[in-house]
Amino acid sequence: MKFDVNCVFCKIIDGKIPAYKIYEDNDVLAFLDVNPVTYGHTLVVPKDHYVSFLSTPKDIMNKVMNVAQRIGQVQMEQLGAKGVNILINCYEAAGQVVKHFHVHVIPRYESTDGFKLEMKDLKDVNLPQVLEKIKID
Ligand code: AMP
Ligand code: ZN
C-alpha cells in the first residue's frame with residue numbers, strides 16, 4: 001500500500017478524515033468533493049498514493065477511469081445532469097492542489113451552473129513544429 005502521511009486523500013482512505021463515500025472497492029474510492037462546483041461534484045481516487053494521473057500505473061489508472069465513467073452515467077440518470085465534465089489536473093501549473101491522483105466528475109446542468117473551463121485561442125502557433133515535438137508512435 002502506497003501511503004503518504006501528509007496527504008488528505010490518504011487520510012480519507014485510511015478513515016482518519018470523514019468523507020461522503022459513494023463507491024469503494026479494493027483499489028478505488030469515490031467521494032463527494034467537500035467544495036463542490038456543481039451539485040453532485042465527485043472525486044475518484046486510487047487507494048494507493050500516486051501523485052498524478054501521469055505517474056499512475058496503467059492498470060490502476062484504468063480502474064479509476066472505469067469508476068469515473070460509471071459515476072458520470074449515474075449523475076446523468078439520477079441527478080438529471082445534462083452533461084458531465086471529467087477533469088484531471090496534473091501538477092501545480094495545471095491547478096492540482098492535492099498531490100494524490102484524482103478525477104473530478106462534475107455533473108453539468110446548464111452552462112451557467114457554476115463551473116467554467118475557459119479555453120482561449122493561442123494565436124500564431126506553429127502547428128507543424130508542435131507536431132514534430134510531441135508526435136508519438
Ligand atoms: P485539485 O485542484 O484538482 O487538486 O482539486 C482538489 C479537490 O479536492 C478540490 O476540489 C477540493 O475541494 C477537494 N478536497 C480537498 N479536501 C477535501 C476533503 N477533505 N474531502 C473532499 N474533498 C476535498
Ligand atoms: Zn495520498
# chains A, B, ... in the order shown; residues from 1 in each chain; ligands from 1
>>> residues_around(residues="region 115-119 of chain A", least_positions_apart="4", cutoff="9 Å", atoms="only C-alpha atoms", output="MDAnalysis selection string")
chainID A and resid 37:38 106 108 111
>>> residues_around(residues="region 95-97 of chain A", least_positions_apart="6", cutoff="9 Å", atoms="only C-alpha atoms", output="PDB file with all heavy atoms, in the first residue's frame")
ATOM      1  N   SER A  52       0.165  11.857  -9.449  1.00  0.00           N
ATOM      2  CA  SER A  52      -0.527  12.412 -10.618  1.00  0.00           C
ATOM      3  C   SER A  52      -1.044  11.316 -11.534  1.00  0.00           C
ATOM      4  O   SER A  52      -0.506  10.198 -11.562  1.00  0.00           O
ATOM      5  CB  SER A  52       0.451  13.319 -11.376  1.00  0.00           C
ATOM      6  OG  SER A  52       0.148  13.371 -12.736  1.00  0.00           O
ATOM      7  N   ILE A  88      -9.025  16.265 -14.913  1.00  0.00           N
ATOM      8  CA  ILE A  88      -7.853  15.782 -14.165  1.00  0.00           C
ATOM      9  C   ILE A  88      -6.790  16.868 -14.227  1.00  0.00           C
ATOM     10  O   ILE A  88      -6.312  17.203 -15.311  1.00  0.00           O
ATOM     11  CB  ILE A  88      -7.285  14.483 -14.778  1.00  0.00           C
ATOM     12  CG1 ILE A  88      -8.354  13.394 -14.851  1.00  0.00           C
ATOM     13  CG2 ILE A  88      -6.079  14.004 -13.974  1.00  0.00           C
ATOM     14  CD1 ILE A  88      -7.918  12.159 -15.642  1.00  0.00           C
ATOM     15  N   ASN A  89      -6.448  17.441 -13.088  1.00  0.00           N
ATOM     16  CA  ASN A  89      -5.390  18.431 -13.031  1.00  0.00           C
ATOM     17  C   ASN A  89      -4.076  17.721 -12.729  1.00  0.00           C
ATOM     18  O   ASN A  89      -3.983  16.997 -11.729  1.00  0.00           O
ATOM     19  CB  ASN A  89      -5.682  19.470 -11.939  1.00  0.00           C
ATOM     20  CG  ASN A  89      -6.971  20.234 -12.210  1.00  0.00           C
ATOM     21  OD1 ASN A  89      -7.303  20.514 -13.359  1.00  0.00           O
ATOM     22  ND2 ASN A  89      -7.707  20.561 -11.154  1.00  0.00           N
TER      23      ASN A  89
END
>>> residues_near_ligand(ligand="ligand 1", cutoff="8 Å", atoms="only C-alpha atoms and all ligand atoms", output="PyMOL selection string")
chain A and resi 8-9+12+17-20+31-37+43+87-90+95-100+102-104
>>> residues_near_ligand(ligand="ligand 2", cutoff="6 Å", atoms="only C-alpha atoms and all ligand atoms", output="ChimeraX atom specification")
/A:3-4,7,9-10,49,100
>>> write_last_selection(atoms="C-alpha atoms", output="compact mmCIF listing (two decimals), in the first residue's frame")
# COMPACT_ATOMS: atom_id res chain seq x y z
CA PHE A 3 0.61 5.89 1.58
CA ASP A 4 1.60 9.48 2.31
CA CYS A 7 -1.90 13.52 2.13
CA PHE A 9 -6.88 11.81 0.41
CA CYS A 10 -4.71 9.10 2.03
CA HIS A 49 -0.92 7.19 -3.28
CA HIS A 100 -2.84 12.42 -4.95
>>> closest_residue(among="A:Val67, A:Ile22, A:Glu92, A:Thr56", to="Gly40 (chain A)", atoms="only C-alpha atoms")
A:Ile22
>>> closest_residue(among="A:Val125, A:Leu54, A:Val105, A:Val5", to="Gln75 (chain A)", atoms="only C-alpha atoms")
A:Val105
>>> select_by_dssp(residues="chain A", states="helix (DSSP H, G or I)", output="PyMOL selection string")
chain A and resi 8-13+53-55+58-78+92-94+127-134
>>> closest_residue(among="A:Pro107, A:Asn66, A:Glu132, A:Leu127", to="Gly83 (chain A)", atoms="only C-alpha atoms")
A:Pro107
>>> atom_distance(atom1="CA of Asn62 (chain A)", atom2="CA of Leu79 (chain A)")
24.9 Å
>>> select_by_dssp(residues="region 28-77 of chain A", states="strand (DSSP E or B)", output="ChimeraX atom specification")
/A:28-32,42-46
>>> closest_residue(among="A:Ile86, A:Lys47, A:Val130, A:Ala93", to="Gly15 (chain A)", atoms="only C-alpha atoms")
A:Lys47
>>> residues_around(residues="Val28 (chain A)", least_positions_apart="5", cutoff="9 Å", atoms="only C-alpha atoms", output="MDAnalysis selection string")
chainID A and resid 23 44:48 60 63:64 67
>>> write_last_selection(atoms="N, CA and C atoms", output="mmCIF file, in the first residue's frame")
data_model
loop_
_atom_site.group_PDB
_atom_site.id
_atom_site.type_symbol
_atom_site.label_atom_id
_atom_site.label_comp_id
_atom_site.auth_asym_id
_atom_site.auth_seq_id
_atom_site.Cartn_x
_atom_site.Cartn_y
_atom_site.Cartn_z
ATOM 1 N N TYR A 23 -18.599 5.251 -3.545
ATOM 2 C CA TYR A 23 -18.197 3.955 -4.110
ATOM 3 C C TYR A 23 -16.854 3.563 -3.512
ATOM 4 N N VAL A 44 -12.795 10.807 -7.756
ATOM 5 C CA VAL A 44 -12.467 9.374 -7.806
ATOM 6 C C VAL A 44 -10.953 9.250 -7.671
ATOM 7 N N VAL A 45 -10.504 8.416 -6.737
ATOM 8 C CA VAL A 45 -9.063 8.306 -6.459
ATOM 9 C C VAL A 45 -8.639 6.839 -6.346
ATOM 10 N N PRO A 46 -7.374 6.569 -6.689
ATOM 11 C CA PRO A 46 -6.845 5.234 -6.375
ATOM 12 C C PRO A 46 -6.558 5.168 -4.874
ATOM 13 N N LYS A 47 -6.675 3.990 -4.282
ATOM 14 C CA LYS A 47 -6.382 3.885 -2.840
ATOM 15 C C LYS A 47 -4.888 4.018 -2.569
ATOM 16 N N ASP A 48 -4.057 3.595 -3.524
ATOM 17 C CA ASP A 48 -2.614 3.813 -3.385
ATOM 18 C C ASP A 48 -2.280 5.258 -3.735
ATOM 19 N N ILE A 60 -4.086 0.626 -12.659
ATOM 20 C CA ILE A 60 -4.782 1.403 -11.621
ATOM 21 C C ILE A 60 -5.535 2.568 -12.263
ATOM 22 N N LYS A 63 -8.712 1.431 -13.756
ATOM 23 C CA LYS A 63 -9.758 1.150 -12.749
ATOM 24 C C LYS A 63 -10.411 2.451 -12.281
ATOM 25 N N VAL A 64 -9.593 3.463 -12.064
ATOM 26 C CA VAL A 64 -10.129 4.764 -11.632
ATOM 27 C C VAL A 64 -11.040 5.341 -12.720
ATOM 28 N N VAL A 67 -14.487 3.688 -12.932
ATOM 29 C CA VAL A 67 -15.406 4.161 -11.887
ATOM 30 C C VAL A 67 -15.900 5.569 -12.228
#
>>> closest_residue(among="A:Gly114, A:Tyr109, A:Leu29, A:Tyr91", to="Phe53 (chain A)", atoms="only C-alpha atoms")
A:Tyr91
